[in-house]
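> Right, I'll just put the structure down here and ask away after.
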Amino acid sequence: MLDQLSARLQKAIKFLRGEGKITEKNLAEALRMIRLAFLEADVNYRVVKTFETRIKEKALNEQVLESLTPVQHVIKIVRDELTQILGENLHQLKIADSPPSIYMLVGLQGVGKTTTAAKLALLFKKGGKLPLLVSLDLKRPAAQQQLQVLGSQLSVEVFNLTPRDLDRPQAAIEKILSSAREHKFDPIIVDTAGRLHIDQELMSELKMVKDYLNPTEVIYVGDAMTGQDAVKSAQEFAEKVGIEAIILTKLDGDARGGAALSMTMVTGKPIKYIGVGEKPNQLELFHPDRMASRILGMGDVLSLIEKAEEVVDKKRAEEIARRLRREDFTLEDFREQLRQIRKMGSFSQILSHMPGGGVFKNLRKINFDDQKIIHFEAIINSMTPKERENPRLINGSRRRRIALGSGRPVSEVNQLLKQYLEMKKVMKKPQFKKLLSNLP
Ligand SMILES: Nc1nc2c(ncn2[C@@H]2O[C@H](COP(=O)(O)OP(=O)(O)OP(=O)(O)O)[C@@H](O)[C@H]2O)c(=O)[nH]1
Ligand SMILES: [Mg+2]
């Protein structure tokens, strides 16, 4: 998988290693090699440009981490940027607030929608859920049978729709939903029709199904082997039907990587799973960081880099602890804390050492899921340094400006400020101070 890209990137890095020192000139040559590797792998041109610019900027301007050589530092930057364009964090499927969650799979013909529907069902079943498979391919009665066969192999329930049902999709969907509620099926995984090309008819059909179904997530299924075509069609599905997530299939084949590396940046949607074989158990959660490391190879250097980063993280954590002790816990510190949580769950670790109940009960309630942390960070980013140091400045009109700047609702800005104050209050409690004094 992605072997060729991997080999070419490694060649670029090997070249730099041979040089020993990073200069503008040899960096330019390495970047040229990296650019060619990407283009060869059929990565979207815009993505290649962004990637190149960011690496150049960071390699020439960033301070090299202690204990890393300049070349190792460049490797770290390449890995970080690779992770970034792959989507940075792990993204799980969204779960509906009230069950059942409904996942609607869309995509072109033959990309692997039906196979993926079955794979997802198996994953949920293994996780102790009771999934229900449904095919809403309104044109092809044989699609029902394909799903039935897969379902019976996996002992997963498949909702059987008659040709008459398929003529009346709204009534059929109501029937499915009420049956799912009655039998406590959760989630419902809905397979849909594929077409060779995107046409108006398919899009209207999918839009209609989506409106009746009201899915928790529409998942675009793309064939990684088709490279930029998969990216282009993802864009069209995103525009015309609306998608929340991406699953890339056939990454076990000789896919060159272009689809995986362009998808998220071009569509703005995360890849959540990847298909790595035809068998029902060959679906994996997509870990951008692992994928980046796999593409770069060089396990030894990467683990060295990770160690160096741990030291930095530890220093940052110490710095925050020091500031906490001084009680001037600003929004800047809060943001740094959020970043750390996102990276390594350090605050949750601190919390896990605390006695339950009491002052910490409220803190545990704060919902630090990945998405929220990203939004909170975006909000803090939109504040001026003054506001971060002195949150009391943030009045109504500033809140609106910050909301606008970060693309988040004002209510979320309020929520963030509330949680920040909550945390600050807890920081002042004697129990917390005692805990902090025990930190390294
Ligand atoms: N190697 C490999 N093959 C896959 C993967 N996912 C699906 N396939 C194969 O791709 C082919 C098409 O899969 P389907 O699931 O029928 O595709 P579909 O999107 O439902 O197709 P239509 O319903 O005709 O639009 C089958 O031969 C699958 O076995 C994968 O991750 N790896
Ligand atoms: Mg199918």
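Residue numbering restarts at 1 in every chain; chains get A, B, ... in the order shown in the structure tokens, and ligands count up from 1 in that same order.
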Set the distance at 10 Å and use only C-alpha atoms: which residues neighbour A:Ile176 once local chain neighbours fewer than 3 positions away are removed? I'd like the list as a list in words.
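The residues satisfying every condition are Leu132, Val134, Phe159, Asn160, Leu161, Gln170, Ala171, Ala172, Ile173, Ser179, Ala180, Arg181, Glu182, Ile188 and Leu213 of chain A.
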> Once you have the residues from the selection above, write them out as an mmCIF file, in the first residue's frame, restricted to C-alpha atoms.

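Result file is again.cif:
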```cif
data_model
loop_
_atom_site.group_PDB
_atom_site.id
_atom_site.type_symbol
_atom_site.label_atom_id
_atom_site.label_comp_id
_atom_site.auth_asym_id
_atom_site.auth_seq_id
_atom_site.Cartn_x
_atom_site.Cartn_y
_atom_site.Cartn_z
ATOM 1 C CA LEU A 132 -29.711 -3.361 10.872
ATOM 2 C CA VAL A 134 -30.979 -1.868 4.568
ATOM 3 C CA PHE A 159 -34.457 -5.371 6.317
ATOM 4 C CA ASN A 160 -36.170 -6.864 3.315
ATOM 5 C CA LEU A 161 -37.873 -4.449 0.954
ATOM 6 C CA GLN A 170 -41.100 7.474 1.886
ATOM 7 C CA ALA A 171 -43.486 4.812 3.165
ATOM 8 C CA ALA A 172 -40.696 2.234 3.002
ATOM 9 C CA ILE A 173 -38.391 4.388 5.122
ATOM 10 C CA SER A 179 -39.454 -1.524 12.848
ATOM 11 C CA ALA A 180 -35.976 -0.464 14.024
ATOM 12 C CA ARG A 181 -37.461 1.353 16.990
ATOM 13 C CA GLU A 182 -39.669 -1.573 17.850
ATOM 14 C CA ILE A 188 -29.215 1.389 10.856
ATOM 15 C CA LEU A 213 -34.216 9.174 6.379
#
```
> Distance limit 6 Å, reference ligand 1, atoms considered: only C-alpha atoms and all ligand atoms. Which residues make the cut? Give them as a PyMOL selection string.
chain A and resi 108-115+193-194+249-250+252-253+275-278
> Let's have the selection written as a short mmCIF file (atom, residue, chain, number, x, y, z; two decimals), in the first residue's frame, with C-alpha atoms.

```cif
data_model
loop_
_atom_site.label_atom_id
_atom_site.label_comp_id
_atom_site.auth_asym_id
_atom_site.auth_seq_id
_atom_site.Cartn_x
_atom_site.Cartn_y
_atom_site.Cartn_z
CA LEU A 108 -20.28 5.74 -7.44
CA GLN A 109 -20.83 2.27 -8.84
CA GLY A 110 -18.58 -0.53 -7.71
CA VAL A 111 -16.60 1.49 -5.16
CA GLY A 112 -17.53 -0.88 -2.35
CA LYS A 113 -20.64 0.59 -0.71
CA THR A 114 -22.40 -2.72 -0.14
CA THR A 115 -19.23 -4.42 1.08
CA ALA A 193 -27.52 2.81 -5.50
CA GLY A 194 -24.32 3.58 -7.38
CA THR A 249 -11.87 1.43 0.07
CA LYS A 250 -9.30 -0.74 -1.67
CA ASP A 252 -4.93 -2.79 0.08
CA GLY A 253 -4.44 -2.67 -3.65
CA GLY A 275 -11.18 -0.69 3.56
CA VAL A 276 -8.14 -2.90 3.27
CA GLY A 277 -9.52 -6.04 1.67
CA GLU A 278 -12.65 -7.77 0.43
#
```
> Nearest to ligand 2 among A:Glu318, A:Glu29, A:Asp191, A:Glu66, with distances taken over only C-alpha atoms and all ligand atoms: which residue is it?
A:Asp191
> How many Å lie between atom CA of A:Leu120 and atom CA of A:Asp223, rounded to one decimal?
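These two atoms are separated by 16.3 Å.
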> Measuring atom to atom with only C-alpha atoms and all ligand atoms, identify which of A:Lys119, A:Arg140, A:Arg8, A:Arg79 is nearest to ligand 2.
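The answer is A:Arg140, which sits nearest to ligand 2.
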> Nearest to A:Ile95 among A:Gly20, A:Gly128, A:Pro215, A:Glu40, with distances taken over only C-alpha atoms: which residue is it?
A:Pro215
> Considering only C-alpha atoms, return as a list in words whatever protein or nucleic-acid residues lie within 8 Å of A:Glu377, sequence-local ones (same chain, fewer than 3 positions apart) excluded.
Arg335, Leu338, Arg339, Ile373, Ile374, Ile380 and Asn381 of chain A
> Export C-alpha atoms of the chosen residues as an mmCIF file, in the first residue's frame?

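After the write, result_11.cif holds the following:
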```cif
data_model
loop_
_atom_site.group_PDB
_atom_site.id
_atom_site.type_symbol
_atom_site.label_atom_id
_atom_site.label_comp_id
_atom_site.auth_asym_id
_atom_site.auth_seq_id
_atom_site.Cartn_x
_atom_site.Cartn_y
_atom_site.Cartn_z
ATOM 1 C CA ARG A 335 -5.805 26.918 25.069
ATOM 2 C CA LEU A 338 -6.745 22.059 25.452
ATOM 3 C CA ARG A 339 -3.955 21.343 22.998
ATOM 4 C CA ILE A 373 -11.615 21.008 21.739
ATOM 5 C CA ILE A 374 -10.983 21.985 18.134
ATOM 6 C CA ILE A 380 -9.524 31.298 21.492
ATOM 7 C CA ASN A 381 -7.481 31.780 18.319
#
```
